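Printed here is start32.cif (mmCIF, N, CA and C atoms):
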data_input
loop_
_atom_site.label_atom_id
_atom_site.label_comp_id
_atom_site.auth_asym_id
_atom_site.auth_seq_id
_atom_site.Cartn_x
_atom_site.Cartn_y
_atom_site.Cartn_z
N MET A 121 -28.91 17.18 -12.32
CA MET A 121 -27.86 16.24 -12.64
C MET A 121 -27.72 16.13 -14.15
N HIS A 122 -26.51 15.77 -14.55
CA HIS A 122 -26.20 15.57 -15.96
C HIS A 122 -25.69 14.14 -16.15
N PRO A 123 -25.71 13.63 -17.37
CA PRO A 123 -25.14 12.31 -17.61
C PRO A 123 -23.70 12.26 -17.12
N GLY A 124 -23.34 11.17 -16.49
CA GLY A 124 -21.98 11.02 -15.97
C GLY A 124 -21.80 11.58 -14.57
N GLU A 125 -22.87 11.95 -13.89
CA GLU A 125 -22.79 12.46 -12.52
C GLU A 125 -23.60 11.57 -11.59
N HIS A 126 -23.21 11.60 -10.31
CA HIS A 126 -24.00 10.94 -9.30
C HIS A 126 -24.09 11.86 -8.09
N ALA A 127 -25.12 11.67 -7.28
CA ALA A 127 -25.34 12.52 -6.11
C ALA A 127 -25.09 11.72 -4.85
N LEU A 128 -24.42 12.35 -3.89
CA LEU A 128 -24.18 11.77 -2.57
C LEU A 128 -24.68 12.73 -1.51
N GLN A 129 -25.32 12.18 -0.50
CA GLN A 129 -25.79 13.01 0.61
C GLN A 129 -24.94 12.68 1.83
N ASP A 130 -24.36 13.73 2.46
CA ASP A 130 -23.53 13.48 3.64
C ASP A 130 -24.39 13.40 4.90
N GLU A 131 -23.75 13.23 6.04
CA GLU A 131 -24.48 13.05 7.31
C GLU A 131 -25.25 14.29 7.74
N HIS A 132 -24.97 15.44 7.14
CA HIS A 132 -25.66 16.69 7.47
C HIS A 132 -26.78 17.00 6.48
N GLY A 133 -27.01 16.10 5.53
CA GLY A 133 -28.06 16.29 4.55
C GLY A 133 -27.64 17.10 3.34
N VAL A 134 -26.36 17.45 3.25
CA VAL A 134 -25.87 18.21 2.10
C VAL A 134 -25.64 17.26 0.93
N ILE A 135 -26.18 17.64 -0.22
CA ILE A 135 -26.04 16.81 -1.42
C ILE A 135 -24.92 17.36 -2.28
N GLN A 136 -24.04 16.45 -2.71
CA GLN A 136 -22.92 16.83 -3.57
C GLN A 136 -23.03 16.05 -4.87
N LEU A 137 -22.78 16.74 -5.97
CA LEU A 137 -22.72 16.08 -7.28
C LEU A 137 -21.27 15.79 -7.61
N ASN A 138 -21.02 14.58 -8.08
CA ASN A 138 -19.67 14.16 -8.46
C ASN A 138 -19.72 13.48 -9.81
N ARG A 139 -18.57 13.48 -10.50
CA ARG A 139 -18.47 12.77 -11.77
C ARG A 139 -18.42 11.27 -11.49
N THR A 140 -19.02 10.51 -12.37
CA THR A 140 -19.03 9.06 -12.27
C THR A 140 -18.17 8.48 -13.37
N ASP A 141 -17.44 7.44 -13.04
CA ASP A 141 -16.67 6.73 -14.06
C ASP A 141 -17.64 5.83 -14.81
N VAL A 142 -18.23 6.39 -15.86
CA VAL A 142 -19.28 5.70 -16.61
C VAL A 142 -18.77 4.41 -17.22
N GLU A 143 -17.57 4.42 -17.77
CA GLU A 143 -17.05 3.21 -18.40
C GLU A 143 -16.88 2.09 -17.38
N SER A 144 -16.36 2.42 -16.21
CA SER A 144 -16.19 1.41 -15.16
C SER A 144 -17.54 0.83 -14.75
N GLN A 145 -18.53 1.69 -14.60
CA GLN A 145 -19.86 1.22 -14.22
C GLN A 145 -20.48 0.35 -15.30
N SER A 146 -20.29 0.72 -16.56
CA SER A 146 -20.88 -0.08 -17.62
C SER A 146 -20.18 -1.43 -17.75
N LYS A 147 -18.88 -1.47 -17.50
CA LYS A 147 -18.14 -2.73 -17.56
C LYS A 147 -18.61 -3.66 -16.45
N TRP A 148 -18.93 -3.10 -15.28
CA TRP A 148 -19.45 -3.91 -14.20
C TRP A 148 -20.75 -4.57 -14.65
N ALA A 149 -21.59 -3.82 -15.31
CA ALA A 149 -22.86 -4.35 -15.80
C ALA A 149 -22.63 -5.40 -16.89
N GLU A 150 -21.53 -5.28 -17.60
CA GLU A 150 -21.19 -6.24 -18.66
C GLU A 150 -20.41 -7.43 -18.10
N ASN A 151 -20.32 -7.51 -16.77
CA ASN A 151 -19.65 -8.61 -16.09
C ASN A 151 -18.14 -8.62 -16.34
N GLU A 152 -17.54 -7.44 -16.30
CA GLU A 152 -16.10 -7.31 -16.47
C GLU A 152 -15.51 -6.50 -15.33
N PHE A 153 -14.28 -6.84 -14.97
CA PHE A 153 -13.48 -5.95 -14.13
C PHE A 153 -12.89 -4.92 -15.06
N PHE A 154 -12.94 -3.66 -14.68
CA PHE A 154 -12.33 -2.61 -15.48
C PHE A 154 -11.74 -1.60 -14.52
N PHE A 155 -10.43 -1.47 -14.56
CA PHE A 155 -9.73 -0.54 -13.67
C PHE A 155 -8.87 0.39 -14.52
N ASP A 156 -9.04 1.67 -14.32
CA ASP A 156 -8.32 2.67 -15.09
C ASP A 156 -7.58 3.58 -14.11
N ASN A 157 -6.27 3.34 -13.97
CA ASN A 157 -5.44 4.12 -13.05
C ASN A 157 -5.97 3.98 -11.61
N THR A 158 -6.25 2.75 -11.22
CA THR A 158 -6.84 2.45 -9.92
C THR A 158 -5.78 1.86 -9.00
N GLU A 159 -5.82 2.25 -7.71
CA GLU A 159 -4.86 1.72 -6.74
C GLU A 159 -5.05 0.21 -6.61
N LEU A 160 -3.93 -0.49 -6.51
CA LEU A 160 -3.96 -1.94 -6.44
C LEU A 160 -4.76 -2.44 -5.24
N LYS A 161 -4.74 -1.69 -4.13
CA LYS A 161 -5.51 -2.15 -2.96
C LYS A 161 -7.01 -2.17 -3.29
N GLN A 162 -7.49 -1.21 -4.07
CA GLN A 162 -8.91 -1.20 -4.46
C GLN A 162 -9.21 -2.32 -5.44
N VAL A 163 -8.29 -2.54 -6.36
CA VAL A 163 -8.45 -3.62 -7.34
C VAL A 163 -8.57 -4.95 -6.61
N MET A 164 -7.67 -5.20 -5.68
CA MET A 164 -7.65 -6.48 -4.99
C MET A 164 -8.83 -6.63 -4.03
N GLN A 165 -9.33 -5.53 -3.49
CA GLN A 165 -10.54 -5.61 -2.67
C GLN A 165 -11.71 -6.13 -3.51
N GLN A 166 -11.86 -5.58 -4.71
CA GLN A 166 -12.95 -6.00 -5.58
C GLN A 166 -12.78 -7.44 -6.06
N ILE A 167 -11.56 -7.78 -6.44
CA ILE A 167 -11.31 -9.14 -6.90
C ILE A 167 -11.51 -10.14 -5.76
N GLY A 168 -10.98 -9.82 -4.59
CA GLY A 168 -11.15 -10.70 -3.43
C GLY A 168 -12.61 -10.89 -3.08
N SER A 169 -13.37 -9.81 -3.14
CA SER A 169 -14.79 -9.88 -2.83
C SER A 169 -15.53 -10.72 -3.87
N TRP A 170 -15.21 -10.53 -5.14
CA TRP A 170 -15.88 -11.26 -6.21
C TRP A 170 -15.64 -12.77 -6.08
N TYR A 171 -14.39 -13.15 -5.81
CA TYR A 171 -14.05 -14.57 -5.72
C TYR A 171 -14.19 -15.13 -4.30
N ASN A 172 -14.57 -14.27 -3.37
CA ASN A 172 -14.74 -14.67 -1.98
C ASN A 172 -13.46 -15.27 -1.40
N VAL A 173 -12.35 -14.56 -1.63
CA VAL A 173 -11.06 -14.97 -1.10
C VAL A 173 -10.40 -13.78 -0.40
N GLY A 174 -9.59 -14.08 0.59
CA GLY A 174 -8.82 -13.04 1.24
C GLY A 174 -7.64 -12.63 0.38
N VAL A 175 -7.14 -11.43 0.63
CA VAL A 175 -5.98 -10.92 -0.09
C VAL A 175 -4.96 -10.46 0.94
N ILE A 176 -3.72 -10.88 0.76
CA ILE A 176 -2.63 -10.49 1.65
C ILE A 176 -1.58 -9.74 0.84
N PHE A 177 -1.21 -8.56 1.29
CA PHE A 177 -0.13 -7.79 0.68
C PHE A 177 1.13 -8.01 1.52
N ARG A 178 2.19 -8.43 0.87
CA ARG A 178 3.46 -8.62 1.57
C ARG A 178 4.43 -7.47 1.30
N SER A 179 3.95 -6.46 0.61
CA SER A 179 4.76 -5.28 0.30
C SER A 179 3.86 -4.05 0.40
N ARG A 180 4.09 -3.24 1.41
CA ARG A 180 3.25 -2.06 1.64
C ARG A 180 3.22 -1.09 0.45
N PRO A 181 4.35 -0.81 -0.21
CA PRO A 181 4.31 0.12 -1.36
C PRO A 181 3.38 -0.33 -2.48
N LEU A 182 3.14 -1.62 -2.60
CA LEU A 182 2.25 -2.11 -3.66
C LEU A 182 0.80 -1.69 -3.46
N LEU A 183 0.42 -1.38 -2.24
CA LEU A 183 -0.96 -0.96 -1.97
C LEU A 183 -1.36 0.24 -2.83
N ASP A 184 -0.42 1.15 -3.02
CA ASP A 184 -0.71 2.39 -3.74
C ASP A 184 -0.34 2.34 -5.22
N GLU A 185 0.19 1.22 -5.66
CA GLU A 185 0.54 1.07 -7.08
C GLU A 185 -0.74 1.22 -7.91
N ARG A 186 -0.68 1.98 -8.98
CA ARG A 186 -1.85 2.19 -9.83
C ARG A 186 -1.74 1.32 -11.07
N ILE A 187 -2.89 0.71 -11.44
CA ILE A 187 -2.87 -0.19 -12.58
C ILE A 187 -4.03 0.09 -13.53
N TYR A 188 -3.86 -0.40 -14.73
CA TYR A 188 -4.89 -0.41 -15.77
C TYR A 188 -5.13 -1.89 -16.05
N PHE A 189 -6.37 -2.33 -15.92
CA PHE A 189 -6.65 -3.76 -16.02
C PHE A 189 -8.09 -3.98 -16.43
N ARG A 190 -8.28 -4.94 -17.33
CA ARG A 190 -9.63 -5.29 -17.78
C ARG A 190 -9.67 -6.81 -17.98
N MET A 191 -10.69 -7.44 -17.39
CA MET A 191 -10.80 -8.90 -17.48
C MET A 191 -12.22 -9.31 -17.18
N SER A 192 -12.66 -10.35 -17.82
CA SER A 192 -14.00 -10.90 -17.57
C SER A 192 -14.10 -11.42 -16.13
N ARG A 193 -15.23 -11.19 -15.50
CA ARG A 193 -15.47 -11.71 -14.16
C ARG A 193 -15.74 -13.21 -14.18
N GLN A 194 -15.90 -13.78 -15.36
CA GLN A 194 -16.20 -15.21 -15.48
C GLN A 194 -14.94 -16.08 -15.49
N MET A 195 -13.76 -15.47 -15.50
CA MET A 195 -12.52 -16.23 -15.50
C MET A 195 -12.33 -16.92 -14.15
N PRO A 196 -11.79 -18.14 -14.14
CA PRO A 196 -11.46 -18.78 -12.88
C PRO A 196 -10.41 -17.96 -12.14
N VAL A 197 -10.38 -18.07 -10.83
CA VAL A 197 -9.48 -17.24 -10.02
C VAL A 197 -8.02 -17.43 -10.44
N GLN A 198 -7.61 -18.65 -10.77
CA GLN A 198 -6.21 -18.86 -11.16
C GLN A 198 -5.88 -18.12 -12.44
N ARG A 199 -6.80 -18.07 -13.37
CA ARG A 199 -6.56 -17.31 -14.61
C ARG A 199 -6.46 -15.82 -14.32
N MET A 200 -7.26 -15.34 -13.36
CA MET A 200 -7.18 -13.94 -12.94
C MET A 200 -5.80 -13.65 -12.35
N VAL A 201 -5.33 -14.54 -11.49
CA VAL A 201 -4.00 -14.39 -10.88
C VAL A 201 -2.93 -14.37 -11.97
N ASP A 202 -3.04 -15.26 -12.94
CA ASP A 202 -2.07 -15.29 -14.04
C ASP A 202 -2.08 -13.98 -14.82
N ALA A 203 -3.27 -13.44 -15.09
CA ALA A 203 -3.37 -12.17 -15.83
C ALA A 203 -2.76 -11.03 -15.02
N LEU A 204 -2.97 -11.02 -13.72
CA LEU A 204 -2.36 -9.99 -12.88
C LEU A 204 -0.84 -10.11 -12.91
N ASN A 205 -0.32 -11.32 -12.91
CA ASN A 205 1.13 -11.52 -13.00
C ASN A 205 1.69 -11.00 -14.32
N ASP A 206 0.89 -11.09 -15.37
CA ASP A 206 1.33 -10.60 -16.69
C ASP A 206 1.57 -9.10 -16.70
N LEU A 207 0.98 -8.37 -15.73
CA LEU A 207 1.20 -6.92 -15.66
C LEU A 207 2.64 -6.59 -15.28
N GLY A 208 3.31 -7.51 -14.58
CA GLY A 208 4.72 -7.31 -14.22
C GLY A 208 4.96 -6.32 -13.10
N ILE A 209 3.96 -6.00 -12.31
CA ILE A 209 4.16 -5.03 -11.22
C ILE A 209 4.35 -5.69 -9.86
N ALA A 210 3.92 -6.94 -9.76
CA ALA A 210 4.01 -7.67 -8.50
C ALA A 210 3.93 -9.16 -8.80
N ARG A 211 4.17 -9.97 -7.77
CA ARG A 211 4.02 -11.41 -7.90
C ARG A 211 2.74 -11.80 -7.17
N PHE A 212 1.79 -12.34 -7.92
CA PHE A 212 0.50 -12.75 -7.38
C PHE A 212 0.49 -14.27 -7.32
N SER A 213 -0.01 -14.82 -6.21
CA SER A 213 -0.10 -16.27 -6.09
C SER A 213 -1.30 -16.63 -5.23
N GLN A 214 -1.71 -17.89 -5.34
CA GLN A 214 -2.77 -18.41 -4.50
C GLN A 214 -2.13 -19.29 -3.43
N GLU A 215 -2.42 -18.99 -2.17
CA GLU A 215 -1.88 -19.77 -1.06
C GLU A 215 -2.98 -19.93 -0.02
N ASP A 216 -3.28 -21.17 0.31
CA ASP A 216 -4.27 -21.46 1.35
C ASP A 216 -5.59 -20.73 1.14
N GLY A 217 -6.07 -20.69 -0.10
CA GLY A 217 -7.35 -20.08 -0.39
C GLY A 217 -7.34 -18.56 -0.37
N ARG A 218 -6.16 -17.96 -0.42
CA ARG A 218 -6.04 -16.50 -0.46
C ARG A 218 -5.15 -16.10 -1.62
N ILE A 219 -5.30 -14.85 -2.05
CA ILE A 219 -4.40 -14.31 -3.06
C ILE A 219 -3.34 -13.51 -2.33
N VAL A 220 -2.09 -13.83 -2.61
CA VAL A 220 -0.95 -13.16 -1.97
C VAL A 220 -0.31 -12.25 -3.01
N VAL A 221 -0.05 -11.00 -2.61
CA VAL A 221 0.57 -10.01 -3.48
C VAL A 221 1.92 -9.67 -2.87
N ALA A 222 2.99 -9.94 -3.61
CA ALA A 222 4.33 -9.72 -3.09
C ALA A 222 5.16 -8.96 -4.11
N SER A 223 6.21 -8.36 -3.62
CA SER A 223 7.13 -7.63 -4.49
C SER A 223 7.85 -8.60 -5.43
N ILE A 224 8.16 -8.15 -6.62
CA ILE A 224 8.87 -8.98 -7.60
C ILE A 224 10.30 -9.19 -7.16
N ARG A 225 10.87 -8.19 -6.55
CA ARG A 225 12.29 -8.26 -6.15
C ARG A 225 12.52 -9.17 -5.00
#

Will you turn the file into structure tokens for me?
Amino acid sequence: MHPGEHALQDEHGVIQLNRTDVESQSKWAENEFFFDNTELKQVMQQIGSWYNVGVIFRSRPLLDERIYFRMSRQMPVQRMVDALNDLGIARFSQEDGRIVVASIR
């Protein structure tokens, strides 16, 4: 293995080496969300998990939208929602203890 790689073993015992997103991993250790060209569904899974809230998408095309985003994990959930709204790709809101992602239009 080389720096920036990780190994995965499949169900047949075959080991594969893959590149690791070192910056993303280091940001996690620094207590930050860091997403670089990441699908919004993955972003919201991590954010929902971190804040222990459900996430509802009201627009299927938004699931595959790719974003660049960096924010401290120490921010309150409402501030996180506000920062996501600042991206201008969707309308994010808190409703009944969940984060709702809807189309801007």

Point-to-point distance from atom C of Gly217 in chain A to CA of Val175 in chain A, Å rounded to tenths: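 That distance, rounded to one decimal, is 7.8 Å.
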
Please provide the set of residues having any atom within 7 Å of Gln194 in chain A, restricted to all atoms listed in the file, with same-chain residues fewer than 3 positions apart removed, written as number ranges by chain. A: 151-152, 191, 197

With N, CA and C atoms retained, export the selected residues as a compact mmCIF listing (two decimals), keeping the file's coordinate frame.
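part-v4.txt written:
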# COMPACT_ATOMS: atom_id res chain seq x y z
N ASN A 151 -20.32 -7.51 -16.77
CA ASN A 151 -19.65 -8.61 -16.09
C ASN A 151 -18.14 -8.62 -16.34
N GLU A 152 -17.54 -7.44 -16.30
CA GLU A 152 -16.10 -7.31 -16.47
C GLU A 152 -15.51 -6.50 -15.33
N MET A 191 -10.69 -7.44 -17.39
CA MET A 191 -10.80 -8.90 -17.48
C MET A 191 -12.22 -9.31 -17.18
N VAL A 197 -10.38 -18.07 -10.83
CA VAL A 197 -9.48 -17.24 -10.02
C VAL A 197 -8.02 -17.43 -10.44

Can you measure CA of Leu137 in chain A to atom C of Gly168 in chain A for me? One decimal in Å is fine.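 Computed distance, CA of Leu137 in chain A to atom C of Gly168 in chain A, equals 29.1 Å.
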
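The shortest atom-to-atom distance to Val173 in chain A, with all atoms listed in the file taken into account, belongs to A:Ile219 out of A:Ala210, A:Thr158, A:Ile224, A:Ile219.
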
Minimum-distance residue to Phe154 in chain A, chosen among A:Arg199, A:Arg218, A:Arg193, A:His132 (using only N, CA and C atoms):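 Nearest to Phe154 in chain A: A:Arg193.
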
Write down as a PyMOL selection string the residues of chain A whose backbone DSSP state falls under helix (DSSP H, G or I). chain A and resi 142-149+160-171+180-184+197-206

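You will find CA of Pro196 in chain A at 8.7 Å from CA of Tyr171 in chain A.
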
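Residues in contact with Asp156 in chain A at up to 7 Å, not including ones fewer than 5 positions away on its chain and judged by all atoms listed in the file, are Arg186, Ile187, Tyr188 and Phe189 of chain A.
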
Determine, counting only N, CA and C atoms, which protein, DNA and RNA residues have an atom within 5 Å of an atom of Val221 in chain A; residues of the same chain fewer than 3 positions away are not included. Present the result as a PyMOL selection string. chain A and resi 176-178+211-212

Which is closest to Asp216 in chain A among A:Gly174, A:Gly133, A:Ser179, A:Phe155, if we use all atoms listed in the file?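 Using all atoms listed in the file, Asp216 in chain A sits closest to A:Gly174.
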
Among the residues of chain A, find those DSSP assigns to strand (DSSP E) from the backbone and print them as an MDAnalysis selection string. chainID A and resid 125:129 135:139 152:159 174:177 186:192 211:215 218:222

Check which residues satisfy the PyMOL selection byres (((chain A and resi 160 and name CA) around 8) and name CA) in the file shown, then give them as a list in words. Thr158, Glu159, Lys161, Gln162, Val163, Met164, Leu182, Leu183, Asp184, Glu185, Arg186 and Ile187 of chain A

Now that the selection is made, can you save its residues with N, CA and C atoms as a PDB file, in the coordinates of the input?
ATOM      1  N   THR A 158      -6.250   2.750 -11.220  1.00  0.00           N
ATOM      2  CA  THR A 158      -6.840   2.450  -9.920  1.00  0.00           C
ATOM      3  C   THR A 158      -5.780   1.860  -9.000  1.00  0.00           C
ATOM      4  N   GLU A 159      -5.820   2.250  -7.710  1.00  0.00           N
ATOM      5  CA  GLU A 159      -4.860   1.720  -6.740  1.00  0.00           C
ATOM      6  C   GLU A 159      -5.050   0.210  -6.610  1.00  0.00           C
ATOM      7  N   LYS A 161      -4.740  -1.690  -4.130  1.00  0.00           N
ATOM      8  CA  LYS A 161      -5.510  -2.150  -2.960  1.00  0.00           C
ATOM      9  C   LYS A 161      -7.010  -2.170  -3.290  1.00  0.00           C
ATOM     10  N   GLN A 162      -7.490  -1.210  -4.070  1.00  0.00           N
ATOM     11  CA  GLN A 162      -8.910  -1.200  -4.460  1.00  0.00           C
ATOM     12  C   GLN A 162      -9.210  -2.320  -5.440  1.00  0.00           C
ATOM     13  N   VAL A 163      -8.290  -2.540  -6.360  1.00  0.00           N
ATOM     14  CA  VAL A 163      -8.450  -3.620  -7.340  1.00  0.00           C
ATOM     15  C   VAL A 163      -8.570  -4.950  -6.610  1.00  0.00           C
ATOM     16  N   MET A 164      -7.670  -5.200  -5.680  1.00  0.00           N
ATOM     17  CA  MET A 164      -7.650  -6.480  -4.990  1.00  0.00           C
ATOM     18  C   MET A 164      -8.830  -6.630  -4.030  1.00  0.00           C
ATOM     19  N   LEU A 182       3.140  -1.620  -2.600  1.00  0.00           N
ATOM     20  CA  LEU A 182       2.250  -2.110  -3.660  1.00  0.00           C
ATOM     21  C   LEU A 182       0.800  -1.690  -3.460  1.00  0.00           C
ATOM     22  N   LEU A 183       0.420  -1.380  -2.240  1.00  0.00           N
ATOM     23  CA  LEU A 183      -0.960  -0.960  -1.970  1.00  0.00           C
ATOM     24  C   LEU A 183      -1.360   0.240  -2.830  1.00  0.00           C
ATOM     25  N   ASP A 184      -0.420   1.150  -3.020  1.00  0.00           N
ATOM     26  CA  ASP A 184      -0.710   2.390  -3.740  1.00  0.00           C
ATOM     27  C   ASP A 184      -0.340   2.340  -5.220  1.00  0.00           C
ATOM     28  N   GLU A 185       0.190   1.220  -5.660  1.00  0.00           N
ATOM     29  CA  GLU A 185       0.540   1.070  -7.080  1.00  0.00           C
ATOM     30  C   GLU A 185      -0.740   1.220  -7.910  1.00  0.00           C
ATOM     31  N   ARG A 186      -0.680   1.980  -8.980  1.00  0.00           N
ATOM     32  CA  ARG A 186      -1.850   2.190  -9.830  1.00  0.00           C
ATOM     33  C   ARG A 186      -1.740   1.320 -11.070  1.00  0.00           C
ATOM     34  N   ILE A 187      -2.890   0.710 -11.440  1.00  0.00           N
ATOM     35  CA  ILE A 187      -2.870  -0.190 -12.580  1.00  0.00           C
ATOM     36  C   ILE A 187      -4.030   0.090 -13.530  1.00  0.00           C
TER      37      ILE A 187
END
